[in-house]
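Student: Below you'll find run_13.cif; it's mmCIF, N, CA and C atoms.
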data_model
loop_
_atom_site.group_PDB
_atom_site.id
_atom_site.type_symbol
_atom_site.label_atom_id
_atom_site.label_comp_id
_atom_site.auth_asym_id
_atom_site.auth_seq_id
_atom_site.Cartn_x
_atom_site.Cartn_y
_atom_site.Cartn_z
ATOM 1 N N MET A 241 26.352 -69.849 45.525
ATOM 2 C CA MET A 241 26.274 -71.275 45.750
ATOM 3 C C MET A 241 27.477 -71.988 45.163
ATOM 4 N N LYS A 242 28.585 -71.307 45.128
ATOM 5 C CA LYS A 242 29.788 -71.897 44.571
ATOM 6 C C LYS A 242 30.205 -73.168 45.293
ATOM 7 N N ASN A 243 30.157 -73.155 46.623
ATOM 8 C CA ASN A 243 30.590 -74.296 47.424
ATOM 9 C C ASN A 243 29.424 -75.157 47.891
ATOM 10 N N ALA A 244 28.290 -75.042 47.235
ATOM 11 C CA ALA A 244 27.106 -75.803 47.624
ATOM 12 C C ALA A 244 27.355 -77.299 47.456
ATOM 13 N N LYS A 245 26.793 -78.062 48.374
ATOM 14 C CA LYS A 245 26.929 -79.519 48.315
ATOM 15 C C LYS A 245 25.594 -80.109 47.878
ATOM 16 N N TYR A 246 25.670 -80.930 46.862
ATOM 17 C CA TYR A 246 24.483 -81.546 46.288
ATOM 18 C C TYR A 246 24.470 -83.035 46.565
ATOM 19 N N ALA A 247 23.284 -83.616 46.481
ATOM 20 C CA ALA A 247 23.122 -85.056 46.632
ATOM 21 C C ALA A 247 22.044 -85.507 45.660
ATOM 22 N N ILE A 248 21.968 -86.791 45.456
ATOM 23 C CA ILE A 248 20.911 -87.399 44.654
ATOM 24 C C ILE A 248 19.994 -88.143 45.609
ATOM 25 N N CYS A 249 18.711 -87.867 45.517
ATOM 26 C CA CYS A 249 17.727 -88.490 46.400
ATOM 27 C C CYS A 249 17.676 -89.997 46.150
ATOM 28 N N ASN A 250 17.782 -90.768 47.227
ATOM 29 C CA ASN A 250 17.721 -92.231 47.130
ATOM 30 C C ASN A 250 16.357 -92.731 46.684
ATOM 31 N N GLU A 251 15.333 -91.937 46.865
ATOM 32 C CA GLU A 251 13.975 -92.365 46.545
ATOM 33 C C GLU A 251 13.552 -91.996 45.124
ATOM 34 N N CYS A 252 13.673 -90.719 44.761
ATOM 35 C CA CYS A 252 13.157 -90.274 43.459
ATOM 36 C C CYS A 252 14.251 -89.971 42.433
ATOM 37 N N GLY A 253 15.501 -89.893 42.878
ATOM 38 C CA GLY A 253 16.600 -89.652 41.953
ATOM 39 C C GLY A 253 16.856 -88.198 41.600
ATOM 40 N N SER A 254 16.161 -87.273 42.243
ATOM 41 C CA SER A 254 16.363 -85.845 41.972
ATOM 42 C C SER A 254 17.649 -85.348 42.606
ATOM 43 N N LYS A 255 18.299 -84.409 41.921
ATOM 44 C CA LYS A 255 19.448 -83.718 42.498
ATOM 45 C C LYS A 255 18.892 -82.638 43.412
ATOM 46 N N PHE A 256 19.446 -82.529 44.625
ATOM 47 C CA PHE A 256 18.969 -81.504 45.550
ATOM 48 C C PHE A 256 20.129 -80.927 46.344
ATOM 49 N N LEU A 257 19.929 -79.739 46.843
ATOM 50 C CA LEU A 257 20.894 -79.064 47.693
ATOM 51 C C LEU A 257 20.776 -79.680 49.085
ATOM 52 N N LYS A 258 21.863 -80.244 49.606
ATOM 53 C CA LYS A 258 21.826 -80.939 50.900
ATOM 54 C C LYS A 258 21.271 -80.068 52.018
ATOM 55 N N SER A 259 21.598 -78.794 52.007
ATOM 56 C CA SER A 259 21.142 -77.904 53.080
ATOM 57 C C SER A 259 19.635 -77.651 53.044
ATOM 58 N N SER A 260 18.958 -78.066 51.969
ATOM 59 C CA SER A 260 17.515 -77.847 51.862
ATOM 60 C C SER A 260 16.702 -78.980 52.477
ATOM 61 N N SER A 261 17.356 -80.065 52.894
ATOM 62 C CA SER A 261 16.639 -81.218 53.430
ATOM 63 C C SER A 261 17.151 -81.589 54.814
ATOM 64 N N VAL A 262 16.244 -82.082 55.663
ATOM 65 C CA VAL A 262 16.646 -82.533 56.992
ATOM 66 C C VAL A 262 17.280 -83.922 56.944
ATOM 67 N N MET A 263 17.106 -84.611 55.834
ATOM 68 C CA MET A 263 17.683 -85.944 55.678
ATOM 69 C C MET A 263 18.785 -85.893 54.629
ATOM 70 N N GLU A 264 19.862 -86.580 54.898
ATOM 71 C CA GLU A 264 21.018 -86.513 54.016
ATOM 72 C C GLU A 264 20.802 -87.216 52.683
ATOM 73 N N SER A 265 20.011 -88.277 52.667
ATOM 74 C CA SER A 265 19.877 -89.062 51.432
ATOM 75 C C SER A 265 18.523 -88.909 50.746
ATOM 76 N N LEU A 266 17.671 -88.028 51.264
ATOM 77 C CA LEU A 266 16.366 -87.789 50.648
ATOM 78 C C LEU A 266 16.171 -86.311 50.385
ATOM 79 N N CYS A 267 15.575 -85.997 49.233
ATOM 80 C CA CYS A 267 15.239 -84.607 48.930
ATOM 81 C C CYS A 267 14.139 -84.146 49.887
ATOM 82 N N PRO A 268 13.913 -82.847 50.002
ATOM 83 C CA PRO A 268 12.888 -82.360 50.935
ATOM 84 C C PRO A 268 11.498 -82.929 50.652
ATOM 85 N N GLU A 269 11.158 -83.102 49.386
ATOM 86 C CA GLU A 269 9.830 -83.622 49.022
ATOM 87 C C GLU A 269 9.648 -85.045 49.518
ATOM 88 N N CYS A 270 10.620 -85.908 49.261
ATOM 89 C CA CYS A 270 10.520 -87.309 49.690
ATOM 90 C C CYS A 270 10.569 -87.428 51.211
ATOM 91 N N ALA A 271 11.417 -86.625 51.869
ATOM 92 C CA ALA A 271 11.490 -86.643 53.331
ATOM 93 C C ALA A 271 10.142 -86.229 53.924
ATOM 94 N N SER A 272 9.460 -85.312 53.254
ATOM 95 C CA SER A 272 8.149 -84.859 53.704
ATOM 96 C C SER A 272 7.091 -85.938 53.510
ATOM 97 N N ILE A 273 7.062 -86.528 52.332
ATOM 98 C CA ILE A 273 6.045 -87.542 52.023
ATOM 99 C C ILE A 273 6.240 -88.813 52.847
ATOM 100 N N ILE A 274 7.471 -89.288 52.946
ATOM 101 C CA ILE A 274 7.732 -90.570 53.599
ATOM 102 C C ILE A 274 7.758 -90.463 55.121
ATOM 103 N N TYR A 275 8.424 -89.421 55.649
ATOM 104 C CA TYR A 275 8.628 -89.331 57.094
ATOM 105 C C TYR A 275 7.895 -88.180 57.771
ATOM 106 N N GLY A 276 7.199 -87.364 56.997
ATOM 107 C CA GLY A 276 6.429 -86.275 57.587
ATOM 108 C C GLY A 276 7.234 -85.048 57.981
ATOM 109 N N TYR A 277 8.495 -84.973 57.540
ATOM 110 C CA TYR A 277 9.293 -83.786 57.828
ATOM 111 C C TYR A 277 8.740 -82.602 57.041
ATOM 112 N N PRO A 278 8.970 -81.391 57.535
ATOM 113 C CA PRO A 278 8.510 -80.206 56.789
ATOM 114 C C PRO A 278 9.184 -80.147 55.418
ATOM 115 N N ASN A 279 8.413 -79.771 54.428
ATOM 116 C CA ASN A 279 8.936 -79.629 53.077
ATOM 117 C C ASN A 279 9.502 -78.220 52.926
ATOM 118 N N CYS A 280 10.334 -78.019 51.921
ATOM 119 C CA CYS A 280 10.810 -76.653 51.681
ATOM 120 C C CYS A 280 9.649 -75.859 51.076
ATOM 121 N N ASN A 281 9.725 -74.552 51.185
ATOM 122 C CA ASN A 281 8.711 -73.688 50.573
ATOM 123 C C ASN A 281 9.120 -73.492 49.126
ATOM 124 N N HIS A 282 8.638 -74.391 48.266
ATOM 125 C CA HIS A 282 9.058 -74.404 46.873
ATOM 126 C C HIS A 282 8.823 -73.077 46.171
ATOM 127 N N ILE A 283 9.815 -72.660 45.412
ATOM 128 C CA ILE A 283 9.710 -71.534 44.500
ATOM 129 C C ILE A 283 10.197 -72.079 43.161
ATOM 130 N N PHE A 284 9.273 -72.239 42.220
ATOM 131 C CA PHE A 284 9.612 -72.888 40.959
ATOM 132 C C PHE A 284 10.033 -71.899 39.888
ATOM 133 N N LYS A 285 11.057 -72.293 39.147
ATOM 134 C CA LYS A 285 11.530 -71.548 37.987
ATOM 135 C C LYS A 285 11.921 -72.587 36.944
ATOM 136 N N ASN A 286 11.337 -72.483 35.769
ATOM 137 C CA ASN A 286 11.592 -73.449 34.697
ATOM 138 C C ASN A 286 11.308 -74.883 35.135
ATOM 139 N N GLY A 287 10.261 -75.060 35.942
ATOM 140 C CA GLY A 287 9.841 -76.405 36.340
ATOM 141 C C GLY A 287 10.640 -77.031 37.469
ATOM 142 N N ARG A 288 11.543 -76.272 38.083
ATOM 143 C CA ARG A 288 12.350 -76.819 39.173
ATOM 144 C C ARG A 288 12.351 -75.847 40.349
ATOM 145 N N CYS A 289 12.423 -76.407 41.552
ATOM 146 C CA CYS A 289 12.465 -75.574 42.751
ATOM 147 C C CYS A 289 13.849 -74.950 42.871
ATOM 148 N N ILE A 290 13.900 -73.628 42.982
ATOM 149 C CA ILE A 290 15.196 -72.965 43.083
ATOM 150 C C ILE A 290 15.774 -73.056 44.492
ATOM 151 N N ILE A 291 14.976 -73.463 45.468
ATOM 152 C CA ILE A 291 15.474 -73.637 46.833
ATOM 153 C C ILE A 291 16.133 -75.001 46.979
ATOM 154 N N ALA A 292 15.452 -76.033 46.528
ATOM 155 C CA ALA A 292 15.994 -77.379 46.651
ATOM 156 C C ALA A 292 16.953 -77.699 45.499
ATOM 157 N N ILE A 293 17.014 -76.844 44.494
ATOM 158 C CA ILE A 293 17.893 -76.991 43.329
ATOM 159 C C ILE A 293 17.763 -78.382 42.709
ATOM 160 N N GLY A 294 16.872 -78.470 41.779
ATOM 161 C CA GLY A 294 16.737 -79.730 41.059
ATOM 162 C C GLY A 294 15.449 -80.463 41.334
ATOM 163 N N MET A 295 14.715 -80.064 42.371
ATOM 164 C CA MET A 295 13.458 -80.745 42.665
ATOM 165 C C MET A 295 12.485 -80.510 41.526
ATOM 166 N N GLU A 296 12.014 -81.561 40.886
ATOM 167 C CA GLU A 296 11.085 -81.412 39.788
ATOM 168 C C GLU A 296 9.679 -81.177 40.309
ATOM 169 N N THR A 297 8.814 -80.657 39.457
ATOM 170 C CA THR A 297 7.458 -80.338 39.885
ATOM 171 C C THR A 297 6.621 -81.581 40.108
ATOM 172 N N GLU A 298 6.931 -82.670 39.435
ATOM 173 C CA GLU A 298 6.188 -83.906 39.640
ATOM 174 C C GLU A 298 6.753 -84.605 40.868
ATOM 175 N N VAL A 299 5.878 -85.013 41.763
ATOM 176 C CA VAL A 299 6.334 -85.667 42.990
ATOM 177 C C VAL A 299 5.785 -87.079 43.064
ATOM 178 N N ILE A 300 6.392 -87.896 43.916
ATOM 179 C CA ILE A 300 5.899 -89.259 44.100
ATOM 180 C C ILE A 300 4.620 -89.227 44.929
ATOM 181 N N THR A 301 3.784 -90.204 44.753
ATOM 182 C CA THR A 301 2.560 -90.284 45.536
ATOM 183 C C THR A 301 2.443 -91.610 46.230
#
Would you mind writing the file's structure down as structure tokens?
Tutor:
Amino acid sequence: MKNAKYAICNECGSKFLKSSSVMESLCPECASIIYGYPNCNHIFKNGRCIIAIGMETEVIT
């Protein structure tokens, strides 16, 4: 992931890997909750999703 591109979610402020979300400015979790897009299949390590890189375990409701 040397050349990975990251973004900060406009909604929750989490750092996420851009390629993990269908929306450029929202993490996969927020894109799923707000717009109904499929979420990533979270795999957590140390409280963060290793797929979305930076997605915290606590989500918005």
Student: When you look at range 266-279 of chain A with a cut-off of 7 Å (counting only C-alpha atoms), what residues show up, excluding the ones that are within fewer than 2 positions of it in the same chain? I need them as an NGL selection string.
Tutor: :A and (249-251 or 256 or 260-261 or 263-264 or 281)
Student: If the PyMOL selection byres (((chain A and resi 282 and name CA) around 10) and name CA) were run on this exact file, what residues would it hold? Put them as a list of chain:residue names.
Tutor: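 What the PyMOL selection byres (((chain A and resi 282 and name CA) around 10) and name CA) grabs from the file is A:Pro268, A:Glu269, A:Asn279, A:Cys280, A:Asn281, A:Ile283, A:Phe284, A:Lys285, A:Arg288, A:Cys289, A:Ile290, A:Ile291, A:Ala292, A:Ile293, A:Met295, A:Thr297.
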Student: How many Å separate atom C of Val262 in chain A from atom C of Gly287 in chain A?
Tutor: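 We find that atom C of Val262 in chain A and atom C of Gly287 in chain A lie 21.7 Å from each other.
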Student: Do a neighbour search on Lys245 in chain A at 8 Å with only C-alpha atoms, toss out local chain neighbours closer than 4 positions, and write the hits as a list in words.
Tutor: Leu257, Lys258 and Ser259 of chain A
Student: What is the distance, in Å and to one decimal place, between atom N of Asn286 in chain A and atom C of Gly253 in chain A?
Tutor: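 It comes out at 17.6 Å.
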